[in-house]
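Enquirer: start.txt is reproduced in full below (compact mmCIF, C-alpha atoms and all ligand atoms).
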# COMPACT_ATOMS: atom_id res chain seq x y z
CA MET A 10 111.69 170.26 111.56
CA GLY A 11 111.42 168.90 115.12
CA THR A 12 109.63 170.77 117.82
CA GLY A 13 111.48 174.05 117.53
CA CYS A 14 109.82 176.62 115.37
CA ILE A 15 112.22 178.73 113.34
CA TYR A 16 111.15 182.31 112.93
CA LYS A 17 112.56 184.64 110.35
CA ILE A 18 114.95 187.23 111.66
CA GLY A 19 113.04 190.18 112.99
CA HIS A 20 109.87 188.14 113.23
CA ASN A 21 107.99 188.49 116.52
CA PRO A 22 106.49 185.17 117.62
CA ASN A 23 103.61 187.01 119.30
CA THR A 24 102.53 188.50 115.98
CA GLN A 25 102.46 184.97 114.56
CA THR A 26 100.14 183.82 117.37
CA GLU A 27 97.93 186.85 116.85
CA GLY A 28 97.71 186.03 113.15
CA ILE A 29 96.64 182.48 113.87
CA ASN A 30 94.04 183.69 116.39
CA LEU A 31 92.67 186.18 113.89
CA GLU A 32 92.39 183.42 111.29
CA LYS A 33 90.60 181.17 113.78
CA THR A 34 88.16 183.95 114.65
CA ASN A 35 87.42 184.45 110.95
CA VAL A 36 86.76 180.74 110.43
CA ILE A 37 84.43 180.66 113.44
CA LYS A 38 82.62 183.75 112.14
CA LEU A 39 82.27 182.23 108.69
CA ASN A 40 80.94 178.94 110.05
CA LEU A 41 78.44 180.82 112.17
CA ARG A 42 77.35 182.69 109.04
CA LYS A 43 76.94 179.39 107.15
CA LYS A 44 74.81 177.94 109.96
CA GLN A 45 72.76 181.13 110.03
CA ILE A 46 72.13 180.85 106.29
CA PHE A 47 71.07 177.22 106.65
CA GLN A 48 68.61 178.23 109.32
CA THR A 49 67.10 181.11 107.40
CA GLN A 50 67.31 179.82 103.82
CA PHE A 51 66.31 176.29 104.53
CA SER A 52 63.82 176.95 107.30
CA GLU A 53 60.68 177.29 105.21
CA ALA A 54 61.10 173.77 103.86
CA SER A 55 63.76 172.87 106.36
CA PHE A 56 67.07 171.68 104.98
CA MET A 57 66.44 168.43 106.81
CA GLU A 58 63.40 167.90 104.64
CA LEU A 59 65.47 168.58 101.54
CA THR A 60 68.19 166.20 102.60
CA THR A 61 65.94 163.36 103.66
CA PRO A 62 66.74 160.39 101.45
CA ARG A 63 64.03 159.14 99.12
CA SER A 64 64.40 155.53 100.14
CA GLY A 65 63.75 156.21 103.81
CA THR A 66 67.13 155.00 104.98
CA HIS A 67 70.11 157.26 105.04
CA ILE A 68 72.86 155.96 102.75
CA LYS A 69 76.35 155.81 104.23
CA TRP A 70 79.04 156.31 101.63
CA ARG A 71 82.75 156.68 100.98
CA ARG A 72 84.16 159.00 98.29
CA GLY A 73 86.07 157.47 95.34
CA ASP A 74 87.77 158.86 92.21
CA LEU A 75 86.87 162.10 90.48
CA ILE A 76 84.80 161.23 87.38
CA GLY A 77 83.62 164.60 86.14
CA GLU A 78 83.75 168.29 86.66
CA GLY A 79 81.42 171.05 85.58
CA ALA A 80 81.22 174.76 86.14
CA TYR A 81 79.88 174.46 89.68
CA ALA A 82 80.66 171.06 91.09
CA LYS A 83 82.95 168.06 91.13
CA VAL A 84 81.54 164.60 90.55
CA TYR A 85 83.06 161.52 92.19
CA GLN A 86 82.32 157.85 92.13
CA CYS A 87 81.36 156.65 95.59
CA LEU A 88 80.65 153.44 97.45
CA ASN A 89 77.57 152.63 99.51
CA ILE A 90 79.38 151.17 102.51
CA ILE A 91 76.47 148.98 103.53
CA THR A 92 75.46 147.38 100.22
CA GLY A 93 78.58 147.89 98.08
CA GLU A 94 76.55 149.66 95.38
CA LEU A 95 78.45 152.21 93.28
CA LEU A 96 76.95 155.70 93.22
CA ALA A 97 77.85 159.16 91.95
CA LEU A 98 78.50 162.05 94.30
CA LYS A 99 78.10 165.62 93.10
CA THR A 100 80.01 167.83 95.51
CA PHE A 101 79.49 171.56 95.77
CA TYR A 102 82.26 173.25 97.67
CA ILE A 103 80.92 176.20 99.61
CA SER A 104 83.05 179.25 99.04
CA GLU A 105 84.82 180.97 101.89
CA ASN A 106 83.53 184.34 100.78
CA PRO A 107 80.69 185.31 103.13
CA ARG A 108 79.06 187.45 100.44
CA LYS A 109 78.84 184.51 98.03
CA ILE A 110 77.56 181.72 100.25
CA GLU A 111 73.96 182.83 100.46
CA ARG A 112 73.59 182.64 96.66
CA GLU A 113 75.45 179.35 96.54
CA PHE A 114 73.08 177.76 99.03
CA GLN A 115 70.12 179.06 97.07
CA GLN A 116 71.57 177.46 93.93
CA MET A 117 72.14 174.07 95.58
CA ARG A 118 68.77 174.12 97.21
CA LYS A 119 67.10 174.74 93.85
CA GLU A 120 68.91 171.84 92.21
CA ILE A 121 68.10 169.45 95.08
CA ARG A 122 64.46 170.56 95.09
CA VAL A 123 64.04 169.79 91.38
CA LEU A 124 65.97 166.50 91.54
CA LYS A 125 63.89 165.29 94.50
CA THR A 126 60.67 165.43 92.54
CA LEU A 127 61.93 163.56 89.46
CA ASN A 128 61.33 159.91 88.75
CA HIS A 129 61.87 158.78 85.16
CA GLU A 130 64.13 156.24 83.48
CA ASN A 131 65.67 158.95 81.28
CA VAL A 132 66.46 161.30 84.16
CA VAL A 133 69.29 160.62 86.60
CA HIS A 134 67.98 159.24 89.90
CA TYR A 135 68.52 161.26 93.06
CA TYR A 136 69.05 159.57 96.44
CA GLN A 137 69.98 162.13 99.07
CA ALA A 138 71.96 165.27 99.85
CA ASP A 139 74.33 165.60 102.78
CA LEU A 140 75.81 168.62 104.39
CA SER A 141 79.41 167.85 105.32
CA GLU A 142 80.24 167.99 109.01
CA ASP A 143 82.88 170.65 108.47
CA LEU A 144 80.28 172.75 106.54
CA LYS A 145 82.66 172.93 103.60
CA SER A 146 80.51 171.10 101.06
CA VAL A 147 77.11 169.77 100.11
CA ASP A 148 77.18 166.28 98.59
CA ILE A 149 74.37 165.12 96.33
CA LEU A 150 74.13 161.37 95.95
CA LEU A 151 72.99 160.25 92.49
CA GLU A 152 72.63 157.13 90.40
CA TYR A 153 76.04 156.31 88.87
CA VAL A 154 76.05 156.23 85.07
CA PRO A 155 79.36 154.52 84.20
CA GLY A 156 79.29 155.28 80.46
CA GLY A 157 79.98 158.96 81.18
CA SER A 158 78.55 161.85 79.22
CA LEU A 159 77.48 162.15 75.59
CA LYS A 160 80.22 164.77 75.36
CA SER A 161 82.89 162.17 76.11
CA ILE A 162 81.30 159.77 73.59
CA LEU A 163 81.38 162.49 70.90
CA ILE A 164 85.01 163.28 71.71
CA LYS A 165 85.96 159.59 71.44
CA TYR A 166 83.76 158.42 68.57
CA LYS A 167 83.06 161.71 66.69
CA SER A 168 79.92 161.70 64.51
CA LEU A 169 77.41 158.96 65.28
CA GLU A 170 75.48 156.53 63.07
CA ILE A 171 71.80 157.22 62.37
CA SER A 172 70.59 154.29 64.50
CA VAL A 173 72.62 155.54 67.49
CA ILE A 174 71.31 159.09 66.98
CA LYS A 175 67.79 157.72 66.80
CA ASN A 176 68.22 155.70 70.01
CA TYR A 177 69.78 158.55 72.01
CA SER A 178 67.47 161.31 70.75
CA ARG A 179 64.32 159.25 71.30
CA GLN A 180 65.31 158.77 74.95
CA LEU A 181 66.34 162.41 75.25
CA LEU A 182 62.89 163.46 74.04
CA ARG A 183 61.18 161.09 76.49
CA GLY A 184 63.18 162.60 79.35
CA LEU A 185 62.46 166.11 78.10
CA ASN A 186 58.76 165.35 77.70
CA TYR A 187 58.68 164.18 81.32
CA LEU A 188 60.43 167.37 82.50
CA HIS A 189 58.12 169.65 80.51
CA ASP A 190 55.06 167.75 81.75
CA ASN A 191 56.31 168.55 85.22
CA LYS A 192 56.74 172.21 84.24
CA ILE A 193 60.52 172.08 84.35
CA ILE A 194 62.69 173.76 81.71
CA HIS A 195 66.17 172.25 81.79
CA ARG A 196 67.83 175.39 80.33
CA ASP A 197 71.30 173.84 79.98
CA LEU A 198 70.84 170.92 77.62
CA LYS A 199 74.17 169.98 76.06
CA PRO A 200 76.15 166.75 75.61
CA ALA A 201 78.02 167.26 78.93
CA ASN A 202 74.68 167.13 80.75
CA VAL A 203 73.47 163.97 79.04
CA LEU A 204 74.73 160.68 80.51
CA ILE A 205 74.92 157.36 78.66
CA SER A 206 74.92 153.99 80.44
CA PRO A 207 76.94 151.00 79.19
CA THR A 208 73.71 149.53 77.76
CA GLY A 209 72.94 152.73 75.80
CA MET A 210 70.38 154.15 78.24
CA LEU A 211 70.29 157.93 78.27
CA LYS A 212 69.84 159.99 81.46
CA LEU A 213 69.41 163.74 81.66
CA THR A 214 71.37 165.37 84.44
CA ASP A 215 72.51 168.71 85.90
CA PHE A 216 69.43 170.61 87.00
CA GLY A 217 71.50 173.52 88.29
CA SER A 218 70.10 175.89 85.67
CA SER A 219 66.63 174.42 85.50
CA LYS A 220 63.50 176.33 86.26
CA GLN A 221 60.30 174.96 87.71
CA PHE A 222 57.17 176.90 87.05
CA ASP A 223 54.50 176.73 89.69
CA ASP A 224 51.93 178.40 87.52
CA LEU A 225 51.56 179.19 83.86
CA GLU A 226 51.37 182.92 84.56
CA SER A 227 55.09 183.06 85.27
CA ASN A 228 55.81 180.88 82.27
CA LEU A 229 58.49 183.15 80.89
CA SER A 230 61.94 183.27 82.31
CA LYS A 231 64.34 186.09 81.59
CA SER A 232 67.61 185.11 83.17
CA LEU A 233 70.62 184.11 81.11
CA LYS A 234 71.67 180.59 82.02
CA GLY A 235 73.31 177.76 80.13
CA SER A 236 76.14 177.31 77.65
CA PRO A 237 76.39 179.48 74.52
CA TYR A 238 76.73 176.85 71.75
CA TRP A 239 73.41 175.22 72.55
CA MET A 240 71.56 178.38 73.63
CA ALA A 241 68.40 179.51 71.87
CA PRO A 242 68.41 183.04 70.33
CA GLU A 243 65.68 184.30 72.70
CA VAL A 244 67.80 183.11 75.66
CA VAL A 245 70.92 184.91 74.43
CA ARG A 246 68.87 188.05 73.70
CA MET A 247 67.23 187.75 77.12
CA GLU A 248 63.82 188.28 75.59
CA GLY A 249 62.21 185.73 77.87
CA HIS A 250 62.14 182.04 77.12
CA SER A 251 60.05 179.00 77.77
CA PHE A 252 60.02 175.22 77.22
CA SER A 253 60.83 175.64 73.53
CA ALA A 254 64.33 176.88 74.47
CA ASP A 255 65.11 173.23 75.37
CA ILE A 256 63.96 172.19 71.88
CA TRP A 257 66.48 174.54 70.23
CA SER A 258 69.20 172.96 72.42
CA PHE A 259 67.92 169.51 71.43
CA GLY A 260 68.31 170.52 67.75
CA CYS A 261 71.87 171.63 68.50
CA ILE A 262 72.65 168.26 70.09
CA LEU A 263 71.30 166.55 66.94
CA ILE A 264 73.63 168.73 64.82
CA GLU A 265 76.52 167.67 67.04
CA MET A 266 75.67 163.96 66.87
CA VAL A 267 75.48 164.15 63.06
CA SER A 268 78.60 166.24 62.48
CA GLY A 269 80.68 165.43 65.58
CA LYS A 270 81.03 169.17 66.25
CA PRO A 271 78.95 171.66 68.27
CA PRO A 272 76.83 174.11 66.28
CA TRP A 273 78.54 177.38 65.30
CA SER A 274 81.97 175.78 65.75
CA ASN A 275 82.67 176.40 62.03
CA TYR A 276 82.45 180.11 62.79
CA SER A 277 84.18 180.57 66.10
CA ASN A 278 85.24 178.85 69.29
CA ASP A 279 85.01 181.95 71.40
CA SER A 280 81.84 181.92 73.53
CA LYS A 281 81.31 185.67 73.35
CA ALA A 282 81.55 185.65 69.53
CA VAL A 283 79.20 182.65 69.41
CA MET A 284 76.67 184.51 71.55
CA GLU A 285 76.82 187.42 69.11
CA LEU A 286 76.22 185.05 66.19
CA ILE A 287 73.22 183.44 67.87
CA SER A 288 71.63 186.76 68.69
CA LYS A 289 72.03 188.03 65.12
CA GLU A 290 68.63 188.20 63.42
CA GLY A 291 68.08 185.61 60.72
CA LEU A 292 71.27 183.63 61.33
CA LEU A 293 71.02 179.85 61.75
CA PRO A 294 73.62 177.21 62.59
CA ASP A 295 74.85 175.10 59.64
CA ILE A 296 72.69 172.02 59.26
CA PRO A 297 74.86 169.06 58.27
CA SER A 298 73.70 166.83 55.45
CA THR A 299 72.15 163.61 56.70
CA GLU A 300 69.01 161.50 56.26
CA PRO A 301 66.23 163.86 54.99
CA LEU A 302 63.83 163.04 57.87
CA LEU A 303 66.49 163.88 60.44
CA GLN A 304 67.51 167.02 58.57
CA GLU A 305 63.87 168.11 58.61
CA ILE A 306 63.65 167.58 62.38
CA ILE A 307 66.81 169.61 62.97
CA THR A 308 65.46 172.44 60.79
CA HIS A 309 62.21 172.51 62.80
CA CYS A 310 64.02 172.54 66.14
CA VAL A 311 66.46 175.33 65.30
CA ASN A 312 63.69 177.66 64.19
CA ARG A 313 64.43 181.18 65.45
CA ASN A 314 60.76 181.60 66.28
CA PRO A 315 60.25 179.69 69.57
CA ASN A 316 56.53 179.31 68.91
CA GLU A 317 57.20 177.40 65.69
CA ARG A 318 59.40 174.75 67.29
CA PRO A 319 57.83 171.32 67.79
CA SER A 320 57.11 169.90 71.25
CA PRO A 321 58.63 166.59 72.46
CA PRO A 322 55.39 164.59 71.81
CA GLU A 323 55.17 166.06 68.29
CA LEU A 324 58.78 165.09 67.62
CA LEU A 325 58.27 161.58 69.01
CA GLU A 326 55.33 161.19 66.62
CA SER A 327 57.49 162.00 63.58
CA GLU A 328 58.26 159.36 60.96
CA PHE A 329 61.97 159.38 61.94
CA PHE A 330 61.26 157.97 65.41
CA LYS A 331 58.52 155.59 64.34
CA ASN A 332 60.83 152.93 62.95
N1 LIG A 401 75.54 160.44 87.83
C1 LIG A 401 76.66 160.51 87.15
N2 LIG A 401 77.32 159.40 86.74
C2 LIG A 401 78.46 159.50 86.01
N3 LIG A 401 79.05 160.66 85.65
C3 LIG A 401 78.45 161.81 86.03
C4 LIG A 401 77.23 161.80 86.78
N4 LIG A 401 76.86 163.08 86.99
C5 LIG A 401 77.79 163.84 86.40
N5 LIG A 401 78.76 163.10 85.82
C6 LIG A 401 79.94 163.63 85.09
O1 LIG A 401 80.32 164.86 85.71
C7 LIG A 401 80.21 165.97 84.79
C8 LIG A 401 79.72 167.21 85.53
O2 LIG A 401 78.48 166.97 86.15
P1 LIG A 401 77.32 168.07 86.19
O3 LIG A 401 76.19 167.56 87.02
O4 LIG A 401 77.00 168.48 84.80
O5 LIG A 401 78.08 169.27 86.97
P2 LIG A 401 77.99 170.88 86.78
O6 LIG A 401 76.70 171.29 87.40
O7 LIG A 401 79.17 171.39 87.53
O8 LIG A 401 78.05 171.15 85.29
C9 LIG A 401 79.25 165.46 83.70
O9 LIG A 401 79.49 166.10 82.46
C10 LIG A 401 79.60 163.97 83.63
O10 LIG A 401 80.75 163.76 82.85
MG MG A 402 76.99 170.30 83.75
As structure tokens, what does this structure read like?

Expert:
Amino acid sequence: MGTGCIYKIGHNPNTQTEGINLEKTNVIKLNLRKKQIFQTQFSEASFMELTTPRSGTHIKWRRGDLIGEGAYAKVYQCLNIITGELLALKTFYISENPRKIEREFQQMRKEIRVLKTLNHENVVHYYQADLSEDLKSVDILLEYVPGGSLKSILIKYKSLEISVIKNYSRQLLRGLNYLHDNKIIHRDLKPANVLISPTGMLKLTDFGSSKQFDDLESNLSKSLKGSPYWMAPEVVRMEGHSFSADIWSFGCILIEMVSGKPPWSNYSNDSKAVMELISKEGLLPDIPSTEPLLQEIITHCVNRNPNERPSPPELLESEFFKN
């Protein structure tokens, strides 16, 4: 359009300038607010401490293609520009709504805090978290799992063979056992949050809904988090839930690996209706016919009474996983 700016008839150029100035002032205000939140929210265990890389050296990276997207973040492949290693980058875009950012930072901080403490072959490895210079995003650097999620495997290959189910679920239980030993409830176990490497290694990911208990006194959580299909009845009914809620979700993942479809999908694909079904007293998801030992495990895991569900070590001891 050249250098001349064309204004609409009747449009006063001064108003345009005022508009731009007002916008600039708002952006400055918002950025100040973000910095303020960093200082207050992240002061007690300073954000610097949270973002310090595990390895000691700060990884320099370059963003690549989008490889996944969840409810809260976008996940990209990225390149370590010193070593050439491929990594995953989970990017949280900070909203421009000043009333929302405080909660968003809290959420990210919680996820980073949990990830930082974890070190297990069946849990995705965390490297570092960076705050973007423009304050528009927080980028969490993770181990890249090129196979993608169990969800994408189920979409592509539908129901899985018993030996594959055995391999995946054994690793899932090992990862879960590690989390529970560290007093962490995942709270959003579902195929989209389970990653599979090209060699068939399973890695649990997405700790955005997880809960870490510092003491056993507070060992009951009442908030509603997670995805309806895999949610335990006590979670949906908000009656308070504990580690056994992850076992119900594990049972639901087994159902999905056997049948190729999420539990309750025979009844409805509307999340609100599914939540109503789950909360209905006495109702259980359909258990697909499969090897009796596996069917027995599923039945134990999707027990409506959380106290009657087996723990990961008990499950790993079962005949099904022994050979
Ligand atoms: N480390 C990773 N390597 C490869 N793909 C990943 C990785 N982390 C996440 N993904 C992909 O991105 C999707 C969303 O990631 P997730 O952490 O679950 O985000 P959200 O918290 O938004 O649900 C996953 O379902 C998976 O397909
Ligand atoms: Mg997710």

Enquirer: One decimal, in Å: what's the spacing between CA of Leu41 in chain A and CA of Glu113 in chain A?

Expert: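 Atom-to-atom, CA of Leu41 in chain A and CA of Glu113 in chain A are spaced 16.0 Å apart.
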
Enquirer: Distance cut-off 12 Å, centre (72.1, 187.3, 100.9) in file coordinates, counting only C-alpha atoms: which residues qualify? Return them as a compact mmCIF listing (two decimals) with C-alpha atoms, keeping the file's coordinate frame.

Expert:
# COMPACT_ATOMS: atom_id res chain seq x y z
CA ARG A 42 77.35 182.69 109.04
CA LYS A 43 76.94 179.39 107.15
CA GLN A 45 72.76 181.13 110.03
CA ILE A 46 72.13 180.85 106.29
CA PHE A 47 71.07 177.22 106.65
CA THR A 49 67.10 181.11 107.40
CA GLN A 50 67.31 179.82 103.82
CA ASN A 106 83.53 184.34 100.78
CA PRO A 107 80.69 185.31 103.13
CA ARG A 108 79.06 187.45 100.44
CA LYS A 109 78.84 184.51 98.03
CA ILE A 110 77.56 181.72 100.25
CA GLU A 111 73.96 182.83 100.46
CA ARG A 112 73.59 182.64 96.66
CA GLU A 113 75.45 179.35 96.54
CA PHE A 114 73.08 177.76 99.03
CA GLN A 115 70.12 179.06 97.07

Enquirer: I'd like the contact shell of range 180-192 of chain A - 8 Å cut-off, all atoms listed in the file, skipping same-chain residues fewer than 2 positions apart - returned as a list in words.

Expert: His129, Glu130, Asn131, Val132, Asn176, Tyr177, Ser178, Ile194, His195, Met210, Leu211, Lys212, Leu213, Gln221, Phe222, Asp223, Phe252, Pro321, Pro322, Leu324 and Leu325 of chain A

Enquirer: For a quick check of understanding, using only C-alpha atoms, which of A:Val173, A:Ala254, A:Leu292, A:Ile193 has the smallest distance to Thr208 in chain A?

Expert: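 Residue with the minimum atom-to-atom distance to Thr208 in chain A: A:Val173.
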
Enquirer: Quick one: of A:Ser274, A:Ser219, A:Ser258, A:Gln137, who's nearest to Arg313 in chain A, counting all atoms listed in the file?

Expert: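 Nearest to Arg313 in chain A: A:Ser258.
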
Enquirer: Collect all residues with atoms no farther than 8 Å from ligand LIG 401 (chain A), counting only C-alpha atoms and all ligand atoms, and output them as a VMD selection string.

Expert: chain A and resid 76 to 86 96 to 99 133 to 134 151 to 158 160 to 161 200 to 204 214 to 217

Enquirer: Fewer than 4 positions away in the same chain doesn't count, so skip those; otherwise give me all residues within 6 Å of range 70-72 of chain A, counting only C-alpha atoms, as an mmCIF file with C-alpha atoms, in the coordinates of the input.

Expert:
data_model
loop_
_atom_site.group_PDB
_atom_site.id
_atom_site.type_symbol
_atom_site.label_atom_id
_atom_site.label_comp_id
_atom_site.auth_asym_id
_atom_site.auth_seq_id
_atom_site.Cartn_x
_atom_site.Cartn_y
_atom_site.Cartn_z
ATOM 1 C CA CYS A 87 81.360 156.650 95.590
ATOM 2 C CA LEU A 88 80.650 153.440 97.450
ATOM 3 C CA ASN A 89 77.570 152.630 99.510
ATOM 4 C CA ILE A 90 79.380 151.170 102.510
#

Enquirer: Here is a test: counting only C-alpha atoms, which residue of A:Glu94, A:Leu263, A:Tyr238, A:Ser168 is nearest to Ala282 in chain A?

Expert: A:Tyr238

Enquirer: Which distance in Å separates CA of Ile171 in chain A and CA of Glu265 in chain A, to one decimal?

Expert: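 Atom-to-atom, CA of Ile171 in chain A and CA of Glu265 in chain A are spaced 12.4 Å apart.
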
Enquirer: Could you write range 104-124 of chain A as a PDB file, in the coordinates of the input, with N, CA and C atoms rebuilt where they are missing?

Expert:
ATOM      1  N   SER A 104      81.924 178.327  99.075  1.00  0.00           N
ATOM      2  CA  SER A 104      83.050 179.250  99.040  1.00  0.00           C
ATOM      3  C   SER A 104      83.298 179.848 100.423  1.00  0.00           C
ATOM      4  N   GLU A 105      84.478 180.388 100.600  1.00  0.00           N
ATOM      5  CA  GLU A 105      84.820 180.970 101.890  1.00  0.00           C
ATOM      6  C   GLU A 105      84.491 182.459 101.917  1.00  0.00           C
ATOM      7  N   ASN A 106      83.873 182.924 100.846  1.00  0.00           N
ATOM      8  CA  ASN A 106      83.530 184.340 100.780  1.00  0.00           C
ATOM      9  C   ASN A 106      82.108 184.538 101.319  1.00  0.00           C
ATOM     10  N   PRO A 107      82.004 185.195 102.480  1.00  0.00           N
ATOM     11  CA  PRO A 107      80.690 185.310 103.130  1.00  0.00           C
ATOM     12  C   PRO A 107      79.634 185.935 102.239  1.00  0.00           C
ATOM     13  N   ARG A 108      80.063 186.792 101.301  1.00  0.00           N
ATOM     14  CA  ARG A 108      79.060 187.450 100.440  1.00  0.00           C
ATOM     15  C   ARG A 108      78.513 186.512  99.379  1.00  0.00           C
ATOM     16  N   LYS A 109      79.264 185.415  99.115  1.00  0.00           N
ATOM     17  CA  LYS A 109      78.840 184.510  98.030  1.00  0.00           C
ATOM     18  C   LYS A 109      77.978 183.355  98.536  1.00  0.00           C
ATOM     19  N   ILE A 110      78.167 182.985  99.830  1.00  0.00           N
ATOM     20  CA  ILE A 110      77.560 181.720 100.250  1.00  0.00           C
ATOM     21  C   ILE A 110      76.041 181.683 100.202  1.00  0.00           C
ATOM     22  N   GLU A 111      75.419 182.810 100.464  1.00  0.00           N
ATOM     23  CA  GLU A 111      73.960 182.830 100.460  1.00  0.00           C
ATOM     24  C   GLU A 111      73.412 182.390  99.082  1.00  0.00           C
ATOM     25  N   ARG A 112      74.023 182.969  98.021  1.00  0.00           N
ATOM     26  CA  ARG A 112      73.590 182.640  96.660  1.00  0.00           C
ATOM     27  C   ARG A 112      73.908 181.192  96.322  1.00  0.00           C
ATOM     28  N   GLU A 113      75.066 180.735  96.821  1.00  0.00           N
ATOM     29  CA  GLU A 113      75.450 179.350  96.540  1.00  0.00           C
ATOM     30  C   GLU A 113      74.456 178.363  97.154  1.00  0.00           C
ATOM     31  N   PHE A 114      74.050 178.641  98.389  1.00  0.00           N
ATOM     32  CA  PHE A 114      73.080 177.760  99.030  1.00  0.00           C
ATOM     33  C   PHE A 114      71.763 177.754  98.282  1.00  0.00           C
ATOM     34  N   GLN A 115      71.367 178.939  97.833  1.00  0.00           N
ATOM     35  CA  GLN A 115      70.120 179.060  97.070  1.00  0.00           C
ATOM     36  C   GLN A 115      70.181 178.167  95.839  1.00  0.00           C
ATOM     37  N   GLN A 116      71.338 178.223  95.153  1.00  0.00           N
ATOM     38  CA  GLN A 116      71.570 177.460  93.930  1.00  0.00           C
ATOM     39  C   GLN A 116      71.463 175.954  94.195  1.00  0.00           C
ATOM     40  N   MET A 117      72.152 175.499  95.247  1.00  0.00           N
ATOM     41  CA  MET A 117      72.140 174.070  95.580  1.00  0.00           C
ATOM     42  C   MET A 117      70.748 173.609  95.955  1.00  0.00           C
ATOM     43  N   ARG A 118      70.099 174.456  96.735  1.00  0.00           N
ATOM     44  CA  ARG A 118      68.770 174.120  97.210  1.00  0.00           C
ATOM     45  C   ARG A 118      67.810 173.939  96.049  1.00  0.00           C
ATOM     46  N   LYS A 119      67.968 174.817  95.027  1.00  0.00           N
ATOM     47  CA  LYS A 119      67.100 174.740  93.850  1.00  0.00           C
ATOM     48  C   LYS A 119      67.318 173.428  93.112  1.00  0.00           C
ATOM     49  N   GLU A 120      68.589 173.078  92.935  1.00  0.00           N
ATOM     50  CA  GLU A 120      68.910 171.840  92.210  1.00  0.00           C
ATOM     51  C   GLU A 120      68.375 170.619  92.951  1.00  0.00           C
ATOM     52  N   ILE A 121      68.567 170.600  94.278  1.00  0.00           N
ATOM     53  CA  ILE A 121      68.100 169.450  95.080  1.00  0.00           C
ATOM     54  C   ILE A 121      66.578 169.355  95.011  1.00  0.00           C
ATOM     55  N   ARG A 122      65.925 170.513  95.132  1.00  0.00           N
ATOM     56  CA  ARG A 122      64.460 170.560  95.090  1.00  0.00           C
ATOM     57  C   ARG A 122      63.909 169.942  93.823  1.00  0.00           C
ATOM     58  N   VAL A 123      64.511 170.321  92.666  1.00  0.00           N
ATOM     59  CA  VAL A 123      64.040 169.790  91.380  1.00  0.00           C
ATOM     60  C   VAL A 123      64.322 168.291  91.320  1.00  0.00           C
ATOM     61  N   LEU A 124      65.575 167.907  91.621  1.00  0.00           N
ATOM     62  CA  LEU A 124      65.970 166.500  91.540  1.00  0.00           C
ATOM     63  C   LEU A 124      65.060 165.597  92.379  1.00  0.00           C
TER      64      LEU A 124
END
